[in-house]
Structure formats: structure tokens, C-alpha cells
Amino acid sequence: MDLHSTYPGIEDLKRRARRRLPHFVWEYLDSGTGTEVARRRNRAALDRIGFMPSILHGPLDFDLSTRFLGQDYPLPFGIAPIGMSGLVWPDAEGILARTAAEAGIPYTLSTVASQNPEDMAPHIGSDAWFQLYPPKDPKIRTDILNRVKDAGFSTLVLTVDVPVASRRERQTRSGLTHPPKLTPRLLTQIAQRPAWALGMARNGVPRMRTLDKYIDNNLQLPPTAHIGYLLRTSPGMDYVEWLRDHWDGPFIIKGVMRPEDAERLERVGIDALWVSNHGGRQFDGAPASIDALPAMRAATDLPLIFDSGVEGGLDVLRALSRGADFVMLGRGFLYGLGALGIGGPAHVIDILRQDLQANMGQIGAANLGHLPHSIDTFDAAAQRVY
């Protein structure tokens with residue numbers, strides 16, 4: 001079967017994933033927080049950005065490669081950290097890491113993933129990243145850094161935009177808890193999704209294995225405040241400086257939206273900043289990440305990563321045109337897993353690759369270094385200036 005004839009876009013994978021996943025799993029994957037205005041804001045802001053089409057440029061030989069943090073990548077995007085992705089599909093982290101390594105793009109393992117760094121070592125490529133939720137205890141902090149370094153992870157990503165647990169009302173209504181408890185309600189949902197149920201039966205109920213050695217598994221927590229919240233702290237600049245001193249590889253700060261924060265992080269010696277509103281999962285009052293990107297670009301010379309709301313190759317081009325140097329996706333890859341299982345993430349990469357080429361052809365860009373200026377498609381004056 002030609003997957004592109006049946007699932008030509010990420011939206012097609014999303015629809016199939018919803019049909020294959022238990023309701024509580026779908027709500028965990030797809031939900032934001034509050035009334036999900038921030039999620040809709042991300043999409044609407046991206047949709048406002050367009051390019052003036054280009055004609056008579058002749059055939060183009062597309063080059064999608066880019067250089068980021070001293071590494072050459074064949075594509076301008078990678079796989080973002082996804083907490084408890086093993087809940088969405090068995091061995092999700094292993095599948096994602098192997099797919100990324102085969103494609104030559106970065107994969108980012110979350111602190112609260114369902115596999116630990118040691119188990120991931122055989123699957124990661126030479127440029128795997130680890131996303132750290134900041135442990136309060138310096139001993140735990142040091143131990144995690146040593147574990148991820150020994151496992152072969154080269155880049156550290158500190159997430160700073162989760163000072164407290166978000167409410168994620170859709171997730172709470174679904175009945176999901178951390179760790180998951182198989183209540184009659186959830187068992188009924190599982191029984192309706194046999195492919196997912198069979199895979200989970202083989203692998204067991206997922207848990208946050210990186211944190212196993214530090215926690216008491218008998219603790220009871222609210223639905224959205226998983227065990228990681230008991231270990232983590234809300235970091236300050238002293239925490240960032242400590243990590244900079246104790247990590248000898250590339251160091252990225254994720255969740256930066258304010259230009260003034262970019263300036264002070266640059267002074268500390270951070271290697272790159274990640275502009276993100278956590279995909280609308282943390283704060284429903286946050287601006288769209290793409291709207292924050294130009295001011296961030298103006299405020300710093302540091303490389304910038306972008307995420308939040310990316311659903312196709314055109315969105316990748318939109319972010320690059322507004323100042324991003326690299327783009328990361330999370331949900332899209334899990335939609336692929338939920339829809340197609342082990343082959344889903346590779347199909348997502350192929351969708352993005354083909355979409356990049358199709359849209360670059362429309363705007364006359366043979367490579368990512370020669371993208372035309374983007375425009376606000378609702379701003380007639382901007383179109384005249386262009």
C-alpha cells in the first residue's frame with residue numbers, strides 16, 4: 001500500500017490515531033490546557049503567515065539540509081521530547097529514536113519518558129538529545145546528568161516553562177492518572193481498541209523509568225501532577241549556571257518567549273534557545289510561539305529552535321522565515337505512531353520532506369538559505385510592499 005495515497009498529511013494520521021487509541025490516551029496526547037485557546041492561537045498565527053508565489057524560476061534541485069549547533073542535518077526538523085510517549089504506543093521511545101537515527105535527525109528523550117536513558121543507548125544515533133525537567137536535589141541532578149552522558153546523549157535541553165503543573169482539563173476528564181490505574185472505565189475504553197491493548201499487554205503499563213530509582217511508587221498524586229513534580233523545582237538563573245558548569249556538551253533552554261530572557265541567557269553561555277509555549281499544554285494565556293519568534297530573533301544571535309502547532313512542511317518554512325534555525329515536532333510523530341505503529345514516524349518524516357519540497361517549489365527556493373520573506377496574508381499593505 002502506498003501510504004501517501006491513504007495518509008497524505010499529518011491530519012490523516014491524526015484522524016486514524018484517534019480511532020485506534022483508547023479515549024484516555026487520545027486525550028492525553030491531543031489535549032491542551034484551559035479552554036485550549038493557546039492551541040488554537042498557535043494554529044491561527046501560523047495560518048496568517050504566507051509567501052508570495054514565484055514563477056518562471058525553472059526546475060529546482062531541492063536541498064533541505066541545514067547546519068545547526070555544529071552538526072549537519074539532511075532536514076531542518078527533529079523530534080521533540082514527549083513525556084510518557086510509551087502510553088501512546090508500545091516502545092514509542094525506541095521506535096522514535098531508531099527512526100530519527102536512520103533519518104539523521106535529532107531525537108529528544110524526556111525525563112518523564114517511559115524508557116530510561118540506559119535502555120535507549122542501543123537505539124539512539126550519534127546526536128541524541130536529553131530533555132531535563134529540573135530536579136531539586138543536587139545529587140539526583142548530578143546522577144541524571146552522568147546517566148545520560150554515559151548512555152551517549154550529546155545535548156542537554158532544560159525545560160523552564162513548567163514551574164507548576166498545568167490543569168489539562170480534558171486529560172483529567174478522561175480518567176487518566178499518573179501512574180495509570182486500570183479502572184473499569186479505562187478498561188472499557190481499552191477493550192474497544194484491541195491493537196493498542198495487545199501491544200500494551202506485551203509491554204506492561206508504562207511508567208517513568210528514568211525516575212524509578214528516586215521515587216516511592218506508592219505515592220498518590222492529582223491527575224496531571226505526575227511523580228516528576230515531587231522531584232523537580234522551578235529553576236532560577238543560578239540553576240542554569242550550575243548546569244552550564246556541569247554539562248560539557250551543547251546546552252539548550254526550552255520554553256523561552258521573552259526577549260529579555262534571551263539576552264541574559266546568552267550572557268550565561270547557553271548554546272541555543274527553544275521558542276515554545278509547550279504546544280498550548282501549560283498556559284492558555286500564552287501568545288502563539290510564532291508571534292514571539294521575531295522579537296526573539298531580534299534580541300539574540302543565538303541559534304533558535306521553534307515548536308508549537310507545526311502540522312506540515314509549510315509550517316516549518318514559516319518558522320524558518322521568521323527567524324528559527326531549526327524546528328521540532330512532538331504530537332505529529334505520535335499521531336503517526338498511533339495511526340500506523342512502528343512505521344508511522346518514518347511516514348511523518350516523508351510527509352514533511354515532500355511538503356517542504358512542494359512548497360519550496362511554489363516560492364522558488366531551492367534551499368533553506370534562500371527562503372523569500374514571509375508576509376502576513378491578512379495585511380494588504382505588506383503584500384504591496386513585497
# chains A, B, ... in the order shown; residues from 1 in each chain; ligands from 1

call {"tool": "residues_around", "arguments": {"residues": "range 126-137 of chain A", "least_positions_apart": "2", "cutoff": "9 Å", "atoms": "only C-alpha atoms", "output": "PyMOL selection string"}}
result
chain A and resi 71+80-81+97+100-101+104-112+117+124+139-142+144-145+148+152-160+162+228-235+239+254

call {"tool": "select_by_dssp", "arguments": {"residues": "range 58-103 of chain A", "states": "strand (DSSP E)", "output": "MDAnalysis selection string"}}
result
chainID A and resid 66:68 71:73 77:79

call {"tool": "write_last_selection", "arguments": {"atoms": "N, CA and C atoms", "output": "PDB file, in the first residue's frame"}}
result
ATOM      1  N   THR A  66      20.593  21.454   6.490  1.00  0.00           N
ATOM      2  CA  THR A  66      20.899  22.643   7.282  1.00  0.00           C
ATOM      3  C   THR A  66      21.993  22.302   8.279  1.00  0.00           C
ATOM      4  N   ARG A  67      22.655  23.321   8.773  1.00  0.00           N
ATOM      5  CA  ARG A  67      23.679  23.131   9.809  1.00  0.00           C
ATOM      6  C   ARG A  67      23.193  23.793  11.086  1.00  0.00           C
ATOM      7  N   PHE A  68      23.239  23.035  12.182  1.00  0.00           N
ATOM      8  CA  PHE A  68      22.737  23.551  13.456  1.00  0.00           C
ATOM      9  C   PHE A  68      23.606  23.030  14.590  1.00  0.00           C
ATOM     10  N   GLN A  71      26.364  20.689  13.719  1.00  0.00           N
ATOM     11  CA  GLN A  71      26.015  19.416  13.087  1.00  0.00           C
ATOM     12  C   GLN A  71      25.324  19.676  11.752  1.00  0.00           C
ATOM     13  N   ASP A  72      25.598  18.808  10.793  1.00  0.00           N
ATOM     14  CA  ASP A  72      24.916  18.876   9.505  1.00  0.00           C
ATOM     15  C   ASP A  72      23.740  17.909   9.506  1.00  0.00           C
ATOM     16  N   TYR A  73      22.543  18.428   9.189  1.00  0.00           N
ATOM     17  CA  TYR A  73      21.346  17.609   9.172  1.00  0.00           C
ATOM     18  C   TYR A  73      20.751  17.601   7.764  1.00  0.00           C
ATOM     19  N   PHE A  77      14.365  19.681  10.727  1.00  0.00           N
ATOM     20  CA  PHE A  77      13.478  19.420  11.862  1.00  0.00           C
ATOM     21  C   PHE A  77      13.908  18.155  12.597  1.00  0.00           C
ATOM     22  N   GLY A  78      13.420  18.032  13.829  1.00  0.00           N
ATOM     23  CA  GLY A  78      13.711  16.855  14.639  1.00  0.00           C
ATOM     24  C   GLY A  78      12.517  16.501  15.495  1.00  0.00           C
ATOM     25  N   ILE A  79      12.727  15.539  16.401  1.00  0.00           N
ATOM     26  CA  ILE A  79      11.655  15.005  17.239  1.00  0.00           C
ATOM     27  C   ILE A  79      11.773  15.606  18.643  1.00  0.00           C
TER      28      ILE A  79
END

call {"tool": "atom_distance", "arguments": {"atom1": "CA of Ser166 in chain A", "atom2": "CA of Gln282 in chain A"}}
result
5.1 Å

call {"tool": "residues_around", "arguments": {"residues": "Arg258 in chain A", "least_positions_apart": "6", "cutoff": "12 Å", "atoms": "only C-alpha atoms", "output": "list in words"}}
result
Asp161, Arg264, Leu265, Leu273, Trp274, Val275, Ser276, Asn277, Ala286, Pro287, Ser289, Asp291, Ala292, Leu293, Pro294, Ala295, Met296, Arg297, Ala298, Ala299 and Thr300 of chain A

call {"tool": "select_by_dssp", "arguments": {"residues": "range 4-77 of chain A", "states": "alpha helix (DSSP H)", "output": "PyMOL selection string"}}
result
chain A and resi 4-6+10-20+23-30+37-47

call {"tool": "closest_residue", "arguments": {"among": "A:Gly83, A:Gly58, A:Pro53, A:Pro259", "to": "Leu304 in chain A", "atoms": "only C-alpha atoms"}}
result
A:Pro259

call {"tool": "closest_residue", "arguments": {"among": "A:Ala339, A:Ala103, A:Leu314, A:Ala165", "to": "Asp355 in chain A", "atoms": "only C-alpha atoms"}}
result
A:Leu314

call {"tool": "closest_residue", "arguments": {"among": "A:Gly50, A:Pro163, A:Gly94, A:Gly336", "to": "Gly125 in chain A", "atoms": "only C-alpha atoms"}}
result
A:Gly94

call {"tool": "atom_distance", "arguments": {"atom1": "CA of Asp376 in chain A", "atom2": "CA of Met52 in chain A"}}
result
10.2 Å

call {"tool": "residues_around", "arguments": {"residues": "range 358-366 of chain A", "least_positions_apart": "3", "cutoff": "12 Å", "atoms": "only C-alpha atoms", "output": "short mmCIF file (atom, residue, chain, number, x, y, z; two decimals) with C-alpha atoms, in the first residue's frame"}}
result
data_model
loop_
_atom_site.label_atom_id
_atom_site.label_comp_id
_atom_site.auth_asym_id
_atom_site.auth_seq_id
_atom_site.Cartn_x
_atom_site.Cartn_y
_atom_site.Cartn_z
CA GLY A 50 2.27 33.27 3.77
CA PHE A 51 4.73 33.71 0.92
CA MET A 52 4.27 35.40 -2.43
CA PRO A 53 4.34 32.64 -5.08
CA SER A 54 7.24 32.67 -7.54
CA ILE A 55 7.04 31.77 -11.23
CA LEU A 56 9.41 31.24 -14.17
CA HIS A 57 12.29 30.09 -11.99
CA GLY A 58 12.85 26.89 -13.98
CA PRO A 59 13.39 23.41 -12.50
CA LEU A 60 14.77 23.33 -8.96
CA ASP A 61 17.12 20.80 -7.40
CA PHE A 62 15.98 20.87 -3.77
CA ASP A 63 18.44 20.83 -0.88
CA LEU A 64 16.72 20.51 2.51
CA SER A 65 19.92 20.25 4.54
CA GLY A 312 3.37 20.26 7.94
CA GLY A 313 6.30 21.36 5.84
CA LEU A 314 4.76 24.76 5.16
CA ASP A 315 4.75 25.45 8.90
CA VAL A 316 8.45 24.55 9.02
CA LEU A 317 9.13 27.11 6.29
CA ARG A 318 7.02 29.69 8.12
CA SER A 321 11.32 32.56 7.59
CA ILE A 351 5.26 13.72 4.61
CA LEU A 352 7.28 16.66 5.91
CA ARG A 353 10.04 16.15 3.34
CA GLN A 354 7.62 16.07 0.42
CA ASP A 355 5.64 19.01 1.79
CA GLY A 369 19.20 29.52 2.87
CA HIS A 370 17.27 31.36 0.15
CA LEU A 371 13.74 31.49 1.51
CA PRO A 372 11.88 34.65 0.45
CA HIS A 373 10.47 36.96 3.10
CA SER A 374 7.19 35.76 4.51
#

call {"tool": "closest_residue", "arguments": {"among": "A:Thr183, A:Asn203, A:Ser174, A:Asn42", "to": "Ala319 in chain A", "atoms": "only C-alpha atoms"}}
result
A:Asn42
